[in-house]
>>> print(open('work_17.cif').read())   # mmCIF, C-alpha atoms; chains and numbers go by the auth columns
data_final
#
loop_
_atom_site.group_PDB
_atom_site.id
_atom_site.type_symbol
_atom_site.label_atom_id
_atom_site.label_comp_id
_atom_site.label_asym_id
_atom_site.label_seq_id
_atom_site.Cartn_x
_atom_site.Cartn_y
_atom_site.Cartn_z
_atom_site.B_iso_or_equiv
_atom_site.auth_seq_id
_atom_site.auth_asym_id
ATOM 1 C CA MET A 1 -27.024 1.416 0.801 0.00 1 A
ATOM 2 C CA SER A 2 -27.544 -0.972 3.658 0.00 2 A
ATOM 3 C CA PRO A 3 -28.643 0.351 7.031 0.00 3 A
ATOM 4 C CA ASN A 4 -26.119 0.479 9.855 0.00 4 A
ATOM 5 C CA VAL A 5 -24.530 -2.901 10.359 0.00 5 A
ATOM 6 C CA LYS A 6 -22.842 -3.773 13.636 0.00 6 A
ATOM 7 C CA VAL A 7 -19.720 -5.869 13.356 0.00 7 A
ATOM 8 C CA THR A 8 -17.133 -6.960 15.888 0.00 8 A
ATOM 9 C CA ILE A 9 -13.449 -7.182 15.047 0.00 9 A
ATOM 10 C CA LEU A 10 -10.860 -8.023 17.700 0.00 10 A
ATOM 11 C CA GLY A 11 -13.480 -7.565 20.388 0.00 11 A
ATOM 12 C CA ARG A 12 -14.432 -4.043 19.315 0.00 12 A
ATOM 13 C CA GLU A 13 -17.840 -3.232 17.931 0.00 13 A
ATOM 14 C CA TYR A 14 -18.140 -1.024 14.859 0.00 14 A
ATOM 15 C CA LYS A 15 -21.241 0.440 13.252 0.00 15 A
ATOM 16 C CA LEU A 16 -20.814 0.503 9.494 0.00 16 A
ATOM 17 C CA ARG A 17 -22.777 1.955 6.621 0.00 17 A
ATOM 18 C CA SER A 18 -21.947 0.711 3.169 0.00 18 A
ATOM 19 C CA GLN A 19 -23.229 0.288 -0.363 0.00 19 A
ATOM 20 C CA GLU A 20 -22.610 -3.428 0.138 0.00 20 A
ATOM 21 C CA SER A 21 -25.158 -5.892 1.458 0.00 21 A
ATOM 22 C CA GLU A 22 -24.995 -7.018 5.055 0.00 22 A
ATOM 23 C CA ALA A 23 -23.970 -10.470 3.830 0.00 23 A
ATOM 24 C CA GLN A 24 -21.019 -8.992 1.924 0.00 24 A
ATOM 25 C CA ILE A 25 -19.988 -6.914 4.934 0.00 25 A
ATOM 26 C CA GLN A 26 -20.065 -10.038 7.106 0.00 26 A
ATOM 27 C CA ARG A 27 -18.014 -11.858 4.473 0.00 27 A
ATOM 28 C CA VAL A 28 -15.372 -9.112 4.644 0.00 28 A
ATOM 29 C CA VAL A 29 -15.383 -9.188 8.450 0.00 29 A
ATOM 30 C CA THR A 30 -14.920 -12.960 8.450 0.00 30 A
ATOM 31 C CA PHE A 31 -12.042 -12.608 5.982 0.00 31 A
ATOM 32 C CA ILE A 32 -10.387 -9.978 8.200 0.00 32 A
ATOM 33 C CA GLU A 33 -10.863 -12.051 11.349 0.00 33 A
ATOM 34 C CA ASP A 34 -9.386 -15.106 9.609 0.00 34 A
ATOM 35 C CA LYS A 35 -6.364 -13.103 8.430 0.00 35 A
ATOM 36 C CA LEU A 36 -5.842 -11.628 11.901 0.00 36 A
ATOM 37 C CA ALA A 37 -6.002 -15.111 13.437 0.00 37 A
ATOM 38 C CA GLU A 38 -3.598 -16.427 10.790 0.00 38 A
ATOM 39 C CA THR A 39 -1.105 -13.666 11.601 0.00 39 A
ATOM 40 C CA ALA A 40 -1.486 -14.168 15.362 0.00 40 A
ATOM 41 C CA SER A 41 -1.077 -17.935 15.116 0.00 41 A
ATOM 42 C CA GLY A 42 1.541 -19.038 17.620 0.00 42 A
ATOM 43 C CA ARG A 43 2.504 -15.471 18.574 0.00 43 A
ATOM 44 C CA SER A 44 1.832 -13.214 21.484 0.00 44 A
ATOM 45 C CA VAL A 45 1.321 -9.825 19.851 0.00 45 A
ATOM 46 C CA ASP A 46 -0.579 -6.776 20.961 0.00 46 A
ATOM 47 C CA THR A 47 -3.575 -5.658 18.936 0.00 47 A
ATOM 48 C CA ARG A 48 -1.855 -2.771 17.170 0.00 48 A
ATOM 49 C CA ASP A 49 1.121 -4.886 16.092 0.00 49 A
ATOM 50 C CA LEU A 50 -1.201 -7.677 14.995 0.00 50 A
ATOM 51 C CA THR A 51 -3.211 -5.227 12.906 0.00 51 A
ATOM 52 C CA VAL A 52 -0.115 -3.706 11.288 0.00 52 A
ATOM 53 C CA LEU A 53 1.410 -7.116 10.516 0.00 53 A
ATOM 54 C CA THR A 54 -1.866 -8.293 9.008 0.00 54 A
ATOM 55 C CA LEU A 55 -2.141 -5.125 6.910 0.00 55 A
ATOM 56 C CA LEU A 56 1.420 -5.607 5.660 0.00 56 A
ATOM 57 C CA ASN A 57 0.654 -9.207 4.694 0.00 57 A
ATOM 58 C CA LEU A 58 -2.575 -8.242 2.933 0.00 58 A
ATOM 59 C CA ALA A 59 -0.933 -5.312 1.133 0.00 59 A
ATOM 60 C CA GLY A 60 1.847 -7.601 -0.082 0.00 60 A
ATOM 61 C CA GLN A 61 -0.667 -10.148 -1.368 0.00 61 A
ATOM 62 C CA TYR A 62 -2.732 -7.426 -3.024 0.00 62 A
ATOM 63 C CA LEU A 63 0.275 -5.927 -4.794 0.00 63 A
ATOM 64 C CA GLN A 64 1.303 -9.379 -6.041 0.00 64 A
ATOM 65 C CA LEU A 65 -2.182 -9.790 -7.517 0.00 65 A
ATOM 66 C CA VAL A 66 -1.969 -6.346 -9.141 0.00 66 A
ATOM 67 C CA ASP A 67 1.428 -7.205 -10.643 0.00 67 A
ATOM 68 C CA GLN A 68 0.086 -10.537 -11.908 0.00 68 A
ATOM 69 C CA GLU A 69 -2.940 -8.815 -13.450 0.00 69 A
ATOM 70 C CA ILE A 70 -0.674 -6.336 -15.252 0.00 70 A
ATOM 71 C CA GLN A 71 1.535 -9.155 -16.519 0.00 71 A
ATOM 72 C CA ASP A 72 -1.494 -11.166 -17.681 0.00 72 A
ATOM 73 C CA ARG A 73 -2.925 -8.129 -19.480 0.00 73 A
ATOM 74 C CA GLU A 74 0.398 -7.460 -21.218 0.00 74 A
ATOM 75 C CA GLN A 75 0.609 -11.090 -22.365 0.00 75 A
ATOM 76 C CA LYS A 76 -2.948 -10.965 -23.702 0.00 76 A
ATOM 77 C CA GLU A 77 -2.251 -7.716 -25.562 0.00 77 A
ATOM 78 C CA LYS A 78 0.923 -9.195 -27.060 0.00 78 A
ATOM 79 C CA ARG A 79 -0.972 -12.295 -28.178 0.00 79 A
ATOM 80 C CA LEU A 80 -3.765 -10.149 -29.624 0.00 80 A
ATOM 81 C CA HIS A 81 -1.255 -8.141 -31.679 0.00 81 A
ATOM 82 C CA GLN A 82 0.294 -11.381 -32.940 0.00 82 A
ATOM 83 C CA LEU A 83 -3.121 -12.660 -34.028 0.00 83 A
ATOM 84 C CA ILE A 84 -3.891 -9.349 -35.754 0.00 84 A
ATOM 85 C CA GLU A 85 -0.617 -9.634 -37.693 0.00 85 A
ATOM 86 C CA VAL A 86 -1.471 -13.188 -38.755 0.00 86 A
ATOM 87 C CA LEU A 87 -4.913 -12.063 -39.923 0.00 87 A
ATOM 88 C CA GLU A 88 -3.494 -9.059 -41.771 0.00 88 A
ATOM 89 C CA HIS A 89 -0.992 -11.290 -43.580 0.00 89 A
ATOM 90 C CA ALA A 90 -3.719 -13.786 -44.436 0.00 90 A
ATOM 91 C CA VAL A 91 -5.935 -11.021 -45.845 0.00 91 A
ATOM 92 C CA ALA A 92 -3.018 -9.553 -47.806 0.00 92 A
ATOM 93 C CA ASP A 93 -2.110 -12.975 -49.228 0.00 93 A
ATOM 94 C CA ASN A 94 -5.724 -13.630 -50.262 0.00 94 A
ATOM 95 C CA SER A 95 -6.012 -10.197 -51.868 0.00 95 A
ATOM 96 C CA GLY A 96 -3.186 -11.046 -54.230 0.00 96 A
ATOM 97 C CA CYS A 97 -4.943 -14.138 -55.624 0.00 97 A
#
>>> encode(input="work_17.cif", output="structure tokens")
Amino acid sequence: MSPNVKVTILGREYKLRSQESEAQIQRVVTFIEDKLAETASGRSVDTRDLTVLTLLNLAGQYLQLVDQEIQDREQKEKRLHQLIEVLEHAVADNSGC
């Protein structure tokens, strides 16, 4: 666990303790700041609304990734079952020789 790490997000300082390294924590903070700035781009929004909009955007992106991961896993499992069937048929055909 890293010692307390001070970070600043939207002008507020936070003291964090985490299992992650300080470098990883800073990476996360930079990601959050970038996403907040992206959401705020060209808008005049208060901090709470900006935070909620950013969270909604990030949650939507996360859920899309989860759905894609599930779909990819299902496709891989289907392909694996197809390959198993091919191998089973090949073994059965060779057993009859």
>>> resolve_selection(input="work_17.cif", expression="the PyMOL selection byres ((chain A and resi 8-20) around 12)", output="tab-separated table (two decimals) with C-alpha atoms, in the coordinates of the input")
chain	number	residue	atom	x	y	z
A	1	MET	CA	-27.02	1.42	0.80
A	2	SER	CA	-27.54	-0.97	3.66
A	3	PRO	CA	-28.64	0.35	7.03
A	4	ASN	CA	-26.12	0.48	9.86
A	5	VAL	CA	-24.53	-2.90	10.36
A	6	LYS	CA	-22.84	-3.77	13.64
A	7	VAL	CA	-19.72	-5.87	13.36
A	21	SER	CA	-25.16	-5.89	1.46
A	22	GLU	CA	-25.00	-7.02	5.06
A	23	ALA	CA	-23.97	-10.47	3.83
A	24	GLN	CA	-21.02	-8.99	1.92
A	25	ILE	CA	-19.99	-6.91	4.93
A	26	GLN	CA	-20.07	-10.04	7.11
A	27	ARG	CA	-18.01	-11.86	4.47
A	28	VAL	CA	-15.37	-9.11	4.64
A	29	VAL	CA	-15.38	-9.19	8.45
A	30	THR	CA	-14.92	-12.96	8.45
A	31	PHE	CA	-12.04	-12.61	5.98
A	32	ILE	CA	-10.39	-9.98	8.20
A	33	GLU	CA	-10.86	-12.05	11.35
A	34	ASP	CA	-9.39	-15.11	9.61
A	35	LYS	CA	-6.36	-13.10	8.43
A	36	LEU	CA	-5.84	-11.63	11.90
A	37	ALA	CA	-6.00	-15.11	13.44
A	40	ALA	CA	-1.49	-14.17	15.36
A	46	ASP	CA	-0.58	-6.78	20.96
A	47	THR	CA	-3.58	-5.66	18.94
A	48	ARG	CA	-1.86	-2.77	17.17
A	50	LEU	CA	-1.20	-7.68	15.00
A	51	THR	CA	-3.21	-5.23	12.91
>>> atom_distance(input="work_17.cif", atom1="atom CA of A:Leu56", atom2="atom CA of A:Ser44")
17.6 Å
>>> axis_aligned_box(input="work_17.cif", around="stretch 22-30 of chain A", padding_each_side="6 Å", output="JSON")
{"center_x": -20.0, "center_y": -9.9, "center_z": 5.2, "size_x": 22.1, "size_y": 18.0, "size_z": 18.5}
>>> atom_distance(input="work_17.cif", atom1="atom CA of A:Glu38", atom2="atom CA of A:Thr54")
8.5 Å
>>> atom_distance(input="work_17.cif", atom1="atom CA of A:Gln68", atom2="atom CA of A:Val52")
24.2 Å
>>> closest_residue(input="work_17.cif", among="A:Thr39, A:Glu77, A:Leu87, A:Ile70", to="A:Leu55", atoms="all atoms listed in the file")
A:Thr39
